[in-house]
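Data file: entry.tsv. Format and content: TSV, C-alpha atoms.
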chain	number	residue	atom	x	y	z
A	27	MET	CA	-128.17	-177.09	-55.52
A	28	VAL	CA	-131.31	-174.99	-55.20
A	29	LYS	CA	-131.37	-172.09	-52.74
A	30	ARG	CA	-134.45	-171.74	-50.60
A	31	VAL	CA	-135.61	-168.20	-50.08
A	32	ARG	CA	-137.31	-167.75	-46.70
A	33	GLN	CA	-140.70	-166.15	-47.10
A	34	VAL	CA	-141.54	-163.56	-44.42
A	35	PRO	CA	-145.28	-163.41	-43.84
A	36	GLN	CA	-146.91	-160.06	-44.45
A	37	ALA	CA	-148.33	-159.95	-40.91
A	38	GLN	CA	-144.88	-160.27	-39.40
A	39	ARG	CA	-143.57	-157.48	-41.59
A	40	ALA	CA	-146.41	-155.19	-40.49
A	41	LYS	CA	-145.77	-155.98	-36.80
A	42	ALA	CA	-142.07	-155.25	-37.20
A	43	ALA	CA	-142.91	-151.91	-38.81
A	44	ARG	CA	-145.23	-150.97	-35.94
A	45	ASP	CA	-142.64	-151.94	-33.33
A	46	ALA	CA	-140.05	-149.82	-35.08
A	47	THR	CA	-142.44	-146.86	-35.15
A	48	GLN	CA	-143.24	-147.20	-31.43
A	49	GLU	CA	-139.56	-147.44	-30.55
A	50	SER	CA	-138.90	-144.32	-32.62
A	51	ARG	CA	-141.68	-142.41	-30.82
A	52	LEU	CA	-140.45	-143.57	-27.41
A	53	ALA	CA	-136.93	-142.49	-28.21
A	54	ALA	CA	-138.20	-139.10	-29.36
A	55	GLY	CA	-140.18	-138.73	-26.12
A	56	VAL	CA	-137.15	-139.57	-23.99
A	57	ARG	CA	-135.05	-137.02	-25.88
A	58	ALA	CA	-137.75	-134.37	-25.39
A	59	VAL	CA	-137.87	-135.02	-21.64
A	60	LEU	CA	-134.08	-134.84	-21.41
A	61	GLN	CA	-134.07	-131.57	-23.33
A	62	TRP	CA	-137.03	-130.09	-21.35
A	63	PRO	CA	-134.94	-128.31	-18.68
A	64	ARG	CA	-132.73	-126.73	-21.36
A	65	VAL	CA	-135.74	-125.59	-23.39
A	66	LEU	CA	-137.53	-123.99	-20.45
A	67	GLY	CA	-134.47	-122.57	-18.80
A	68	GLY	CA	-133.96	-122.11	-15.08
A	69	ARG	CA	-136.83	-119.66	-14.68
A	70	GLY	CA	-139.28	-121.84	-16.57
A	71	VAL	CA	-138.40	-124.90	-14.50
A	72	ALA	CA	-138.90	-122.91	-11.30
A	73	MET	CA	-142.31	-121.66	-12.48
A	74	VAL	CA	-143.50	-125.15	-13.38
A	75	ALA	CA	-142.21	-126.56	-10.09
A	76	GLY	CA	-143.98	-123.79	-8.20
A	77	ALA	CA	-147.23	-124.52	-10.00
A	78	VAL	CA	-146.94	-128.20	-9.10
A	79	ILE	CA	-146.34	-127.34	-5.43
A	80	VAL	CA	-149.38	-125.03	-5.36
A	81	ALA	CA	-151.57	-127.69	-6.96
A	82	VAL	CA	-150.46	-130.27	-4.41
A	83	ALA	CA	-151.08	-127.84	-1.53
A	84	VAL	CA	-154.60	-127.06	-2.78
A	85	ALA	CA	-155.39	-130.75	-3.11
A	86	VAL	CA	-154.15	-131.53	0.42
A	87	THR	CA	-156.06	-128.57	1.91
A	88	GLY	CA	-159.26	-129.61	0.16
A	89	TYR	CA	-158.85	-133.15	1.48
A	90	PHE	CA	-158.54	-132.07	5.10
A	91	LEU	CA	-161.36	-129.53	4.77
A	92	SER	CA	-163.66	-132.20	3.41
A	93	ARG	CA	-162.81	-134.41	6.39
A	94	THR	CA	-163.52	-131.57	8.79
A	95	ASP	CA	-166.88	-130.73	7.18
A	96	THR	CA	-168.04	-134.32	7.40
A	97	LYS	CA	-167.27	-134.64	11.09
A	98	ARG	CA	-170.26	-134.87	13.38
A	99	GLN	CA	-171.07	-131.51	14.95
A	100	VAL	CA	-170.96	-131.69	18.73
A	101	PRO	CA	-173.85	-129.78	20.34
A	102	ASP	CA	-172.98	-126.85	22.56
A	103	THR	CA	-173.39	-128.11	26.12
A	104	ARG	CA	-173.42	-124.51	27.34
A	105	ALA	CA	-176.80	-123.79	25.70
A	106	ARG	CA	-179.20	-122.36	28.25
A	107	HIS	CA	-182.42	-124.13	29.17
A	108	TYR	CA	-185.19	-121.71	30.06
A	109	LYS	CA	-188.09	-122.12	32.44
A	110	ASP	CA	-191.57	-121.77	31.05
A	111	VAL	CA	-191.85	-118.31	32.64
A	112	ASP	CA	-191.80	-115.02	30.73
A	113	ALA	CA	-190.91	-111.62	32.16
A	114	CYS	CA	-191.78	-108.79	29.77
A	115	LEU	CA	-190.77	-105.12	29.85
A	116	LEU	CA	-192.96	-102.31	28.52
A	117	THR	CA	-191.00	-99.12	27.75
A	118	GLY	CA	-191.43	-95.73	26.13
A	119	LYS	CA	-190.49	-94.95	22.53
A	120	ASP	CA	-186.75	-94.91	23.28
A	121	GLY	CA	-186.77	-98.57	24.24
A	122	ILE	CA	-183.70	-99.68	26.17
A	123	THR	CA	-181.38	-96.98	24.82
A	124	ALA	CA	-178.19	-96.71	26.87
A	125	GLY	CA	-178.41	-94.18	29.67
A	126	THR	CA	-182.18	-94.43	30.08
A	127	THR	CA	-184.07	-95.80	33.07
A	128	ALA	CA	-185.42	-98.57	30.85
A	129	ALA	CA	-181.87	-99.68	30.04
A	130	GLU	CA	-181.08	-100.08	33.73
A	131	VAL	CA	-184.33	-101.95	34.30
A	132	TRP	CA	-183.55	-104.25	31.37
A	133	GLN	CA	-180.14	-105.03	32.84
A	134	GLY	CA	-181.81	-106.01	36.11
A	135	MET	CA	-184.20	-108.30	34.25
A	136	GLN	CA	-181.29	-109.95	32.45
A	137	ASP	CA	-179.56	-110.49	35.79
A	138	ALA	CA	-182.70	-112.19	37.07
A	139	SER	CA	-182.87	-114.33	33.93
A	140	LEU	CA	-179.33	-115.60	34.50
A	141	LYS	CA	-180.27	-116.81	37.98
A	142	THR	CA	-183.78	-118.09	37.36
A	143	HIS	CA	-183.59	-119.08	33.66
A	144	ALA	CA	-186.78	-117.15	32.98
A	145	ARG	CA	-187.22	-115.75	29.47
A	146	VAL	CA	-187.09	-111.95	29.22
A	147	SER	CA	-188.21	-109.61	26.42
A	148	TYR	CA	-189.19	-105.97	25.92
A	149	VAL	CA	-191.59	-103.94	23.78
A	150	PRO	CA	-191.36	-100.15	23.23
A	151	VAL	CA	-194.50	-98.04	22.87
A	152	THR	CA	-194.25	-96.08	19.63
A	153	GLY	CA	-196.32	-93.10	18.55
A	154	ASP	CA	-198.27	-91.03	21.05
A	155	GLN	CA	-196.78	-91.35	24.53
A	156	SER	CA	-200.02	-91.67	26.46
A	157	ALA	CA	-201.65	-94.29	28.66
A	158	ALA	CA	-204.35	-94.82	26.03
A	159	ASN	CA	-201.76	-95.58	23.36
A	160	ALA	CA	-199.68	-97.73	25.72
A	161	ARG	CA	-202.64	-99.96	26.60
A	162	PRO	CA	-202.73	-101.92	23.28
A	163	TYR	CA	-199.01	-102.69	23.66
A	164	LEU	CA	-199.63	-103.87	27.21
A	165	ASN	CA	-202.53	-106.02	26.04
A	166	GLY	CA	-200.20	-107.56	23.47
A	167	LEU	CA	-197.83	-108.65	26.25
A	168	LEU	CA	-200.69	-110.15	28.23
A	169	GLN	CA	-201.93	-112.04	25.18
A	170	ARG	CA	-198.43	-113.46	24.80
A	171	SER	CA	-198.90	-114.97	28.28
A	172	CYS	CA	-196.28	-112.85	30.01
A	173	ASP	CA	-196.17	-113.98	33.65
A	174	VAL	CA	-194.35	-110.90	34.96
A	175	VAL	CA	-194.89	-107.49	33.37
A	176	VAL	CA	-192.44	-104.70	34.17
A	177	ALA	CA	-193.48	-101.18	33.15
A	178	THR	CA	-191.25	-98.11	33.02
A	179	GLY	CA	-192.28	-94.63	31.89
A	180	LYS	CA	-195.27	-92.62	33.16
A	181	PRO	CA	-197.78	-93.61	30.42
A	182	GLU	CA	-196.74	-97.24	30.62
A	183	VAL	CA	-196.98	-97.31	34.44
A	184	THR	CA	-200.42	-95.68	34.31
A	185	ALA	CA	-201.68	-98.22	31.78
A	186	ALA	CA	-200.31	-101.11	33.86
A	187	THR	CA	-201.86	-99.75	37.07
A	188	GLN	CA	-205.28	-99.55	35.41
A	189	THR	CA	-205.01	-103.01	33.84
A	190	ALA	CA	-203.48	-105.02	36.70
A	191	PRO	CA	-206.73	-105.64	38.65
A	192	GLN	CA	-208.13	-107.49	35.63
A	193	TYR	CA	-205.16	-109.91	35.51
A	194	GLN	CA	-204.69	-111.24	39.02
A	195	LYS	CA	-202.54	-114.15	37.81
A	196	VAL	CA	-199.98	-111.76	36.32
A	197	ASP	CA	-197.41	-110.01	38.51
A	198	PHE	CA	-196.82	-106.35	37.65
A	199	VAL	CA	-193.63	-104.48	38.55
A	200	LEU	CA	-193.98	-100.72	38.18
A	201	VAL	CA	-190.86	-98.56	37.95
A	202	ALA	CA	-192.03	-95.16	39.17
A	203	ASP	CA	-190.54	-91.86	40.29
A	204	ALA	CA	-190.20	-91.16	44.00
A	205	GLY	CA	-193.30	-88.92	43.99
A	206	ALA	CA	-195.58	-91.39	42.25
A	207	ASP	CA	-198.65	-92.72	44.02
A	208	SER	CA	-198.42	-96.18	45.52
A	209	THR	CA	-201.01	-98.91	45.00
A	210	SER	CA	-202.52	-101.52	47.25
A	211	ALA	CA	-203.15	-104.10	44.54
A	212	LYS	CA	-201.79	-107.49	45.57
A	213	ASN	CA	-200.28	-108.27	42.17
A	214	ILE	CA	-198.40	-104.96	41.87
A	215	THR	CA	-194.90	-104.23	43.18
A	216	VAL	CA	-193.55	-100.68	42.93
A	217	THR	CA	-189.83	-99.95	42.59
A	218	ARG	CA	-188.43	-96.44	42.73
A	219	VAL	CA	-186.07	-94.82	40.25
A	220	GLY	CA	-182.69	-94.10	41.78
A	221	ASP	CA	-179.48	-95.73	42.93
A	222	GLY	CA	-179.61	-99.50	43.04
A	223	LEU	CA	-182.53	-99.74	40.61
A	224	ARG	CA	-180.90	-102.52	38.62
A	225	ALA	CA	-180.38	-104.71	41.68
A	226	GLU	CA	-183.86	-103.93	43.00
A	227	VAL	CA	-185.53	-104.91	39.73
A	228	ALA	CA	-183.43	-108.08	39.55
A	229	GLY	CA	-184.48	-109.04	43.07
A	230	VAL	CA	-188.19	-108.41	42.47
A	231	VAL	CA	-188.23	-110.36	39.20
A	232	GLU	CA	-186.30	-113.23	40.80
A	233	ARG	CA	-188.84	-113.49	43.62
A	234	GLU	CA	-191.80	-113.41	41.26
A	235	VAL	CA	-190.29	-116.08	38.98
A	236	GLU	CA	-189.27	-118.38	41.83
A	237	ALA	CA	-192.73	-118.07	43.36
A	238	ARG	CA	-194.06	-119.72	40.22
A	239	GLY	CA	-191.88	-122.77	40.75
Turn the structure described in the file into structure tokens.
Amino acid sequence: MVKRVRQVPQAQRAKAARDATQESRLAAGVRAVLQWPRVLGGRGVAMVAGAVIVAVAVAVTGYFLSRTDTKRQVPDTRARHYKDVDACLLTGKDGITAGTTAAEVWQGMQDASLKTHARVSYVPVTGDQSAANARPYLNGLLQRSCDVVVATGKPEVTAATQTAPQYQKVDFVLVADAGADSTSAKNITVTRVGDGLRAEVAGVVEREVEARG
């Protein structure tokens, strides 16, 4: 009787070797994972866990921030809409520094702006405090199409008084001391320095703005 020896193909032997190698690697990996807590120790496990928590928190925060940034921005419905009327203040070199007459006048103009929605602005005269030096600054306001010009300070008031007759379509409000000379020009209103100046300026500017529609 002749024994038959089963021939194992070379390809099958190679596949069996690869499977054995993969199983060996998998087993080694499982053992490493099982030994990981003992290798790191309690403190090491806590540190790694903390790092994982921080990473997750950062990822979640970034996700929600990206959603917030991509949201459509809602326009501010409280934004003011201004009339096409400009009231401009001409002051001395100190501008609207707190405690000055110009500061009180500026507050009155702002009060008028809140009620009438007119635009308000101011320009200080720098350098020599004289009517001659104030005149170019005043001309600048007129070239900007200021509808109401308020002047405070002696040089500024003098310059405005001299210029007003040439600009009949512009209303001038002069803030003068009690002893200052009055004027009969139709487009000039004189307010006196003293108690209630803020309210007086606000009232005059309001009337001038509303008269323009």
>> as a VMD selection string, please: the residues near Thr215 of chain A (cut-off 7 Å, all atoms listed in the file, same-chain neighbours under 6 positions excluded).
In response: chain A and resid 198 to 200
Can you pull out the residues contacting segment 108-125 of chain A? Cut-off 6 Å, using only C-alpha atoms, and skip same-chain residues under 2 positions away; I want them as an mmCIF file with C-alpha atoms, in the frame of the given file.
data_model
loop_
_atom_site.group_PDB
_atom_site.id
_atom_site.type_symbol
_atom_site.label_atom_id
_atom_site.label_comp_id
_atom_site.auth_asym_id
_atom_site.auth_seq_id
_atom_site.Cartn_x
_atom_site.Cartn_y
_atom_site.Cartn_z
ATOM 1 C CA ALA A 128 -185.420 -98.570 30.850
ATOM 2 C CA ALA A 129 -181.870 -99.680 30.040
ATOM 3 C CA HIS A 143 -183.590 -119.080 33.660
ATOM 4 C CA ALA A 144 -186.780 -117.150 32.980
ATOM 5 C CA ARG A 145 -187.220 -115.750 29.470
ATOM 6 C CA VAL A 146 -187.090 -111.950 29.220
ATOM 7 C CA SER A 147 -188.210 -109.610 26.420
ATOM 8 C CA TYR A 148 -189.190 -105.970 25.920
ATOM 9 C CA VAL A 149 -191.590 -103.940 23.780
ATOM 10 C CA PRO A 150 -191.360 -100.150 23.230
ATOM 11 C CA VAL A 151 -194.500 -98.040 22.870
ATOM 12 C CA THR A 152 -194.250 -96.080 19.630
ATOM 13 C CA CYS A 172 -196.280 -112.850 30.010
ATOM 14 C CA ASP A 173 -196.170 -113.980 33.650
ATOM 15 C CA VAL A 174 -194.350 -110.900 34.960
ATOM 16 C CA VAL A 175 -194.890 -107.490 33.370
ATOM 17 C CA VAL A 176 -192.440 -104.700 34.170
ATOM 18 C CA ALA A 177 -193.480 -101.180 33.150
ATOM 19 C CA THR A 178 -191.250 -98.110 33.020
ATOM 20 C CA GLY A 179 -192.280 -94.630 31.890
#
> Expressed in Å to a single decimal, how great is the separation between atom CA of Met135 of chain A and atom CA of Val219 of chain A?
Replying inline: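 These two atoms are separated by 14.9 Å.
Closest approach to Ser171 of chain A among A:Ala237, A:Val196, A:Gln136, A:Ala202: A:Val196, based on all atoms listed in the file.
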>> So the first atom is atom CA of Thr184 of chain A and the second is atom CA of Thr142 of chain A; what is the distance between them in Å, to one decimal place?
In response: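 Separation of atom CA of Thr184 of chain A and atom CA of Thr142 of chain A: 28.1 Å.
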> Mind listing as a PyMOL selection string all residues within 8 Å of (-204.1, -98.0, 28.7), counting all atoms listed in the file?
Replying inline: chain A and resi 156-162+164+181-182+184-186+188-189
>> For Ala228 of chain A, find every residue with an atom within 9 Å (counting all atoms listed in the file), except residues of its own chain fewer than 5 positions away, and show them as a PyMOL selection string.
In response: chain A and resi 131+133-139+223+233
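One finds atom CA of Tyr193 of chain A at 27.6 Å from atom CA of His107 of chain A.
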> Using all atoms listed in the file, which of A:Gln192, A:Leu140, A:Asp221, A:Ile214 sits nearest Glu234 of chain A?
Replying inline: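 Selected residue with least distance to Glu234 of chain A: A:Ile214.
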